[in-house]
file start_8.csv (CSV, C-alpha atoms)
chain,number,residue,atom,x,y,z
A,1,MET,CA,0.0,0.0,0.0
A,2,LYS,CA,1.2,3.5,-0.9
A,3,THR,CA,1.6,6.1,1.8
A,4,ILE,CA,-0.1,9.5,1.8
A,5,THR,CA,2.1,12.2,0.3
A,6,ASN,CA,1.4,15.8,-0.4
A,7,ASP,CA,1.2,15.6,-4.2
A,8,PRO,CA,-0.9,18.3,-5.9
A,9,GLN,CA,-1.2,16.0,-9.0
A,10,THR,CA,-3.5,13.8,-7.0
A,11,ILE,CA,-6.1,16.5,-6.4
A,12,ALA,CA,-9.3,15.6,-8.3
A,13,ALA,CA,-11.0,18.1,-10.5
A,14,CYS,CA,-13.8,18.6,-8.0
A,15,GLY,CA,-11.4,19.3,-5.1
A,16,LEU,CA,-11.2,15.9,-3.5
A,17,TYR,CA,-7.8,14.7,-2.6
A,18,CYS,CA,-7.2,11.3,-4.3
A,19,GLY,CA,-3.8,11.1,-2.6
A,20,ALA,CA,-5.5,10.1,0.7
A,21,CYS,CA,-8.2,7.8,-0.8
A,22,ARG,CA,-8.0,4.1,0.3
A,23,LYS,CA,-8.6,2.8,-3.2
A,24,PHE,CA,-5.9,5.0,-4.6
A,25,LEU,CA,-3.4,4.1,-1.9
A,26,LYS,CA,-4.1,0.4,-2.4
A,27,GLY,CA,-3.5,0.7,-6.2
A,28,LYS,CA,-7.1,-0.1,-7.0
A,29,CYS,CA,-7.8,3.3,-8.6
A,30,PRO,CA,-5.4,5.6,-10.5
A,31,GLY,CA,-7.0,8.7,-9.2
A,32,CYS,CA,-9.4,11.1,-11.0
A,33,LYS,CA,-7.1,12.4,-13.7
A,34,ASP,CA,-5.9,9.0,-15.0
A,35,ASN,CA,-9.1,7.1,-14.4
A,36,GLU,CA,-10.7,6.4,-17.8
A,37,LYS,CA,-13.6,4.8,-16.0
A,38,ALA,CA,-14.5,8.2,-14.5
A,39,SER,CA,-15.6,9.4,-17.9
A,40,TRP,CA,-19.1,9.8,-16.4
A,41,CYS,CA,-17.9,12.6,-14.2
A,42,LYS,CA,-19.1,15.9,-15.6
A,43,ILE,CA,-16.7,17.9,-13.4
A,44,ARG,CA,-13.7,16.0,-14.6
A,45,LYS,CA,-14.9,16.4,-18.2
A,46,CYS,CA,-15.5,20.2,-17.9
A,47,CYS,CA,-12.0,20.7,-16.3
A,48,MET,CA,-10.3,18.6,-19.0
A,49,GLU,CA,-12.1,20.5,-21.8
A,50,LYS,CA,-11.0,23.9,-20.3
A,51,GLY,CA,-7.5,22.7,-19.6
A,52,PHE,CA,-7.9,23.1,-15.9
A,53,HIS,CA,-6.5,20.9,-13.2
A,54,THR,CA,-9.3,21.7,-10.8
A,55,CYS,CA,-12.4,23.9,-10.6
A,56,ALA,CA,-10.3,26.4,-8.6
A,57,GLU,CA,-8.9,27.7,-11.9
A,58,CYS,CA,-12.4,28.6,-13.2
A,59,ASP,CA,-13.7,32.1,-13.1
A,60,LYS,CA,-17.2,30.9,-12.4
A,61,ASP,CA,-18.3,30.9,-8.8
A,62,VAL,CA,-18.1,27.2,-7.9
A,63,LYS,CA,-21.1,27.6,-5.5
A,64,LYS,CA,-23.3,28.6,-8.4
A,65,CYS,CA,-21.9,26.1,-10.8
A,66,LYS,CA,-24.5,23.5,-11.8
A,67,ILE,CA,-21.8,21.1,-13.0
A,68,HIS,CA,-20.0,21.1,-9.6
A,69,ASN,CA,-23.1,21.1,-7.5
A,70,ASN,CA,-24.8,18.1,-9.0
A,71,LEU,CA,-26.8,15.3,-7.5
A,72,VAL,CA,-23.8,12.9,-7.2
A,73,GLY,CA,-21.8,15.6,-5.4
A,74,LYS,CA,-24.7,16.3,-3.0
A,75,LEU,CA,-25.0,12.6,-2.2
A,76,PHE,CA,-21.3,12.3,-1.7
A,77,ALA,CA,-21.4,15.3,0.6
A,78,ILE,CA,-24.1,13.6,2.8
A,79,LEU,CA,-22.5,10.2,2.8
A,80,PHE,CA,-18.9,11.3,3.6
A,81,ASN,CA,-19.6,14.6,5.4
A,82,SER,CA,-17.6,16.2,2.5
A,83,ASP,CA,-17.4,19.9,1.7
A,84,ARG,CA,-16.0,20.0,-1.8
A,85,LEU,CA,-16.8,23.8,-2.1
A,86,ALA,CA,-14.6,24.4,0.9
A,87,CYS,CA,-11.8,22.4,-0.8
A,88,ILE,CA,-12.1,24.5,-4.0
A,89,HIS,CA,-12.1,27.7,-2.0
A,90,TYR,CA,-9.0,26.5,0.0
A,91,ILE,CA,-7.2,25.8,-3.2
A,92,LYS,CA,-8.1,29.2,-4.7
A,93,GLU,CA,-6.9,31.0,-1.5
A,94,HIS,CA,-3.8,28.9,-0.6
A,95,GLY,CA,-2.9,27.0,-3.8
A,96,GLU,CA,-2.8,23.3,-4.7
A,97,TYR,CA,0.5,22.5,-2.9
A,98,ALA,CA,-0.9,23.9,0.4
A,99,PHE,CA,-4.1,22.0,-0.1
A,100,ALA,CA,-2.3,18.7,-0.8
A,101,LYS,CA,-0.1,19.2,2.2
A,102,LYS,CA,-3.1,20.0,4.5
A,103,MET,CA,-5.0,16.9,3.2
A,104,ALA,CA,-1.9,14.7,3.6
A,105,ASP,CA,-1.2,16.1,7.1
A,106,ASP,CA,-4.8,15.6,8.1
A,107,ASN,CA,-5.0,12.1,6.5
A,108,GLN,CA,-8.2,13.3,4.7
A,109,MET,CA,-9.5,13.1,1.1
A,110,THR,CA,-11.9,16.0,1.7
A,111,MET,CA,-12.5,18.9,4.0
A,112,LYS,CA,-15.4,18.0,6.4
A,113,LYS,CA,-18.7,20.0,6.6
A,114,ARG,CA,-19.0,21.9,9.8

call {"tool": "encode", "arguments": {"input": "start_8.csv", "output": "structure tokens"}}
result
Amino acid sequence: MKTITNDPQTIAACGLYCGACRKFLKGKCPGCKDNEKASWCKIRKCCMEKGFHTCAECDKDVKKCKIHNNLVGKLFAILFNSDRLACIHYIKEHGEYAFAKKMADDNQMTMKKR
């Protein structure tokens, strides 16, 4: 099993940190960016089409974005107490490296809802 590192390349388009995901660490998932099976993800597709690494690079307010705030994301937020909006805001404010470091230090794949 891999260990959690602070690698900004393992940040998913939506703001989740794949670098701390159990499936990623066990080698069962390549992470958002390299996972061809994730072609269903509209957020990933949108970022790839725009040449963005994450939604944090977009000028659109992520809170108002219908692609980012979709049904799957809302269900994920409930099931995992995840606040992907807070993740994107943190990346915008502090940068990808700081976010990856925070997630690695906290052993988390997402910021938790308060």

call {"tool": "residues_around", "arguments": {"input": "start_8.csv", "residues": "A:Asp59", "least_positions_apart": "5", "cutoff": "12 Å", "atoms": "all atoms listed in the file", "output": "PDB file with C-alpha atoms, keeping the file's coordinate frame"}}
result
ATOM      1  CA  CYS A  47     -12.000  20.700 -16.300  1.00  0.00           C
ATOM      2  CA  LYS A  50     -11.000  23.900 -20.300  1.00  0.00           C
ATOM      3  CA  PHE A  52      -7.900  23.100 -15.900  1.00  0.00           C
ATOM      4  CA  THR A  54      -9.300  21.700 -10.800  1.00  0.00           C
ATOM      5  CA  LYS A  64     -23.300  28.600  -8.400  1.00  0.00           C
ATOM      6  CA  CYS A  65     -21.900  26.100 -10.800  1.00  0.00           C
ATOM      7  CA  ILE A  88     -12.100  24.500  -4.000  1.00  0.00           C
ATOM      8  CA  LYS A  92      -8.100  29.200  -4.700  1.00  0.00           C
TER       9      LYS A  92
END

call {"tool": "residues_near_point", "arguments": {"input": "start_8.csv", "point": "(-20.5, 20.4, -9.1)", "cutoff": "12 Å", "atoms": "all atoms listed in the file", "output": "ChimeraX atom specification"}}
result
/A:13-16,41-47,54-56,60-77,83-85,88

call {"tool": "closest_residue", "arguments": {"input": "start_8.csv", "among": "A:Gln9, A:His94, A:Lys2, A:Ala86", "to": "A:Lys113", "atoms": "all atoms listed in the file"}}
result
A:Ala86

call {"tool": "atom_distance", "arguments": {"input": "start_8.csv", "atom1": "atom CA of A:Thr10", "atom2": "atom CA of A:Leu79"}}
result
21.7 Å

call {"tool": "closest_residue", "arguments": {"input": "start_8.csv", "among": "A:Asp7, A:Glu49, A:Glu57, A:Asp105", "to": "A:Glu93", "atoms": "all atoms listed in the file"}}
result
A:Glu57

call {"tool": "atom_distance", "arguments": {"input": "start_8.csv", "atom1": "atom CA of A:Ala104", "atom2": "atom CA of A:Ala38"}}
result
23.0 Å

call {"tool": "atom_distance", "arguments": {"input": "start_8.csv", "atom1": "atom CA of A:Asp106", "atom2": "atom CA of A:Lys37"}}
result
27.8 Å

call {"tool": "closest_residue", "arguments": {"input": "start_8.csv", "among": "A:Tyr97, A:Gly51, A:Lys112, A:Met103", "to": "A:Phe80", "atoms": "all atoms listed in the file"}}
result
A:Lys112

call {"tool": "closest_residue", "arguments": {"input": "start_8.csv", "among": "A:Ile78, A:Ile11, A:Lys28, A:Met1", "to": "A:Lys102", "atoms": "all atoms listed in the file"}}
result
A:Ile11

call {"tool": "closest_residue", "arguments": {"input": "start_8.csv", "among": "A:Cys58, A:Ile4, A:Cys32, A:Ala12", "to": "A:Thr110", "atoms": "all atoms listed in the file"}}
result
A:Ala12

call {"tool": "decode", "arguments": {"input": "start_8.csv", "residues": "stretch 92-110 of chain A", "atoms": "N, CA, C and O atoms", "output": "PDB file, in the first residue's frame"}}
result
ATOM      1  N   LYS A  92      -8.164  27.843  -4.094  1.00  0.00           N
ATOM      2  CA  LYS A  92      -8.105  29.193  -4.674  1.00  0.00           C
ATOM      3  C   LYS A  92      -7.309  30.140  -3.784  1.00  0.00           C
ATOM      4  O   LYS A  92      -6.542  30.951  -4.265  1.00  0.00           O
ATOM      5  N   GLU A  93      -7.513  30.034  -2.483  1.00  0.00           N
ATOM      6  CA  GLU A  93      -6.879  30.960  -1.537  1.00  0.00           C
ATOM      7  C   GLU A  93      -5.418  30.617  -1.245  1.00  0.00           C
ATOM      8  O   GLU A  93      -4.582  31.510  -1.128  1.00  0.00           O
ATOM      9  N   HIS A  94      -5.105  29.329  -1.115  1.00  0.00           N
ATOM     10  CA  HIS A  94      -3.777  28.922  -0.650  1.00  0.00           C
ATOM     11  C   HIS A  94      -2.937  28.192  -1.700  1.00  0.00           C
ATOM     12  O   HIS A  94      -1.742  27.997  -1.487  1.00  0.00           O
ATOM     13  N   GLY A  95      -3.569  27.714  -2.764  1.00  0.00           N
ATOM     14  CA  GLY A  95      -2.851  26.989  -3.797  1.00  0.00           C
ATOM     15  C   GLY A  95      -2.946  25.479  -3.641  1.00  0.00           C
ATOM     16  O   GLY A  95      -3.293  24.963  -2.566  1.00  0.00           O
ATOM     17  N   GLU A  96      -2.635  24.785  -4.721  1.00  0.00           N
ATOM     18  CA  GLU A  96      -2.758  23.322  -4.744  1.00  0.00           C
ATOM     19  C   GLU A  96      -1.764  22.642  -3.815  1.00  0.00           C
ATOM     20  O   GLU A  96      -2.098  21.653  -3.160  1.00  0.00           O
ATOM     21  N   TYR A  97      -0.534  23.130  -3.760  1.00  0.00           N
ATOM     22  CA  TYR A  97       0.464  22.493  -2.903  1.00  0.00           C
ATOM     23  C   TYR A  97       0.040  22.575  -1.434  1.00  0.00           C
ATOM     24  O   TYR A  97       0.104  21.572  -0.710  1.00  0.00           O
ATOM     25  N   ALA A  98      -0.426  23.743  -0.999  1.00  0.00           N
ATOM     26  CA  ALA A  98      -0.861  23.911   0.397  1.00  0.00           C
ATOM     27  C   ALA A  98      -2.054  23.009   0.706  1.00  0.00           C
ATOM     28  O   ALA A  98      -2.135  22.424   1.793  1.00  0.00           O
ATOM     29  N   PHE A  99      -2.974  22.883  -0.268  1.00  0.00           N
ATOM     30  CA  PHE A  99      -4.129  22.005  -0.069  1.00  0.00           C
ATOM     31  C   PHE A  99      -3.686  20.549   0.046  1.00  0.00           C
ATOM     32  O   PHE A  99      -4.120  19.831   0.948  1.00  0.00           O
ATOM     33  N   ALA A 100      -2.819  20.111  -0.859  1.00  0.00           N
ATOM     34  CA  ALA A 100      -2.333  18.726  -0.812  1.00  0.00           C
ATOM     35  C   ALA A 100      -1.621  18.454   0.504  1.00  0.00           C
ATOM     36  O   ALA A 100      -1.809  17.397   1.114  1.00  0.00           O
ATOM     37  N   LYS A 101      -0.829  19.408   0.962  1.00  0.00           N
ATOM     38  CA  LYS A 101      -0.121  19.247   2.241  1.00  0.00           C
ATOM     39  C   LYS A 101      -1.114  19.147   3.395  1.00  0.00           C
ATOM     40  O   LYS A 101      -0.986  18.283   4.262  1.00  0.00           O
ATOM     41  N   LYS A 102      -2.124  20.018   3.397  1.00  0.00           N
ATOM     42  CA  LYS A 102      -3.133  19.985   4.459  1.00  0.00           C
ATOM     43  C   LYS A 102      -3.861  18.639   4.481  1.00  0.00           C
ATOM     44  O   LYS A 102      -4.029  18.039   5.531  1.00  0.00           O
ATOM     45  N   MET A 103      -4.277  18.172   3.314  1.00  0.00           N
ATOM     46  CA  MET A 103      -5.002  16.908   3.248  1.00  0.00           C
ATOM     47  C   MET A 103      -4.105  15.744   3.677  1.00  0.00           C
ATOM     48  O   MET A 103      -4.545  14.850   4.407  1.00  0.00           O
ATOM     49  N   ALA A 104      -2.852  15.753   3.246  1.00  0.00           N
ATOM     50  CA  ALA A 104      -1.909  14.688   3.622  1.00  0.00           C
ATOM     51  C   ALA A 104      -1.648  14.738   5.131  1.00  0.00           C
ATOM     52  O   ALA A 104      -1.670  13.699   5.799  1.00  0.00           O
ATOM     53  N   ASP A 105      -1.421  15.933   5.660  1.00  0.00           N
ATOM     54  CA  ASP A 105      -1.174  16.081   7.105  1.00  0.00           C
ATOM     55  C   ASP A 105      -2.380  15.646   7.930  1.00  0.00           C
ATOM     56  O   ASP A 105      -2.239  15.061   8.999  1.00  0.00           O
ATOM     57  N   ASP A 106      -3.590  15.945   7.408  1.00  0.00           N
ATOM     58  CA  ASP A 106      -4.828  15.600   8.121  1.00  0.00           C
ATOM     59  C   ASP A 106      -5.315  14.186   7.822  1.00  0.00           C
ATOM     60  O   ASP A 106      -6.307  13.747   8.387  1.00  0.00           O
ATOM     61  N   ASN A 107      -4.626  13.475   6.897  1.00  0.00           N
ATOM     62  CA  ASN A 107      -5.050  12.126   6.508  1.00  0.00           C
ATOM     63  C   ASN A 107      -6.488  12.123   5.982  1.00  0.00           C
ATOM     64  O   ASN A 107      -7.271  11.238   6.299  1.00  0.00           O
ATOM     65  N   GLN A 108      -6.833  13.111   5.178  1.00  0.00           N
ATOM     66  CA  GLN A 108      -8.190  13.272   4.688  1.00  0.00           C
ATOM     67  C   GLN A 108      -8.223  13.388   3.174  1.00  0.00           C
ATOM     68  O   GLN A 108      -7.296  13.927   2.568  1.00  0.00           O
ATOM     69  N   MET A 109      -9.302  12.944   2.564  1.00  0.00           N
ATOM     70  CA  MET A 109      -9.459  13.133   1.123  1.00  0.00           C
ATOM     71  C   MET A 109     -10.406  14.298   0.812  1.00  0.00           C
ATOM     72  O   MET A 109     -10.609  14.660  -0.336  1.00  0.00           O
ATOM     73  N   THR A 110     -10.981  14.892   1.852  1.00  0.00           N
ATOM     74  CA  THR A 110     -11.874  16.040   1.689  1.00  0.00           C
ATOM     75  C   THR A 110     -11.912  16.851   2.975  1.00  0.00           C
ATOM     76  O   THR A 110     -11.612  16.321   4.053  1.00  0.00           O
TER      77      THR A 110
END
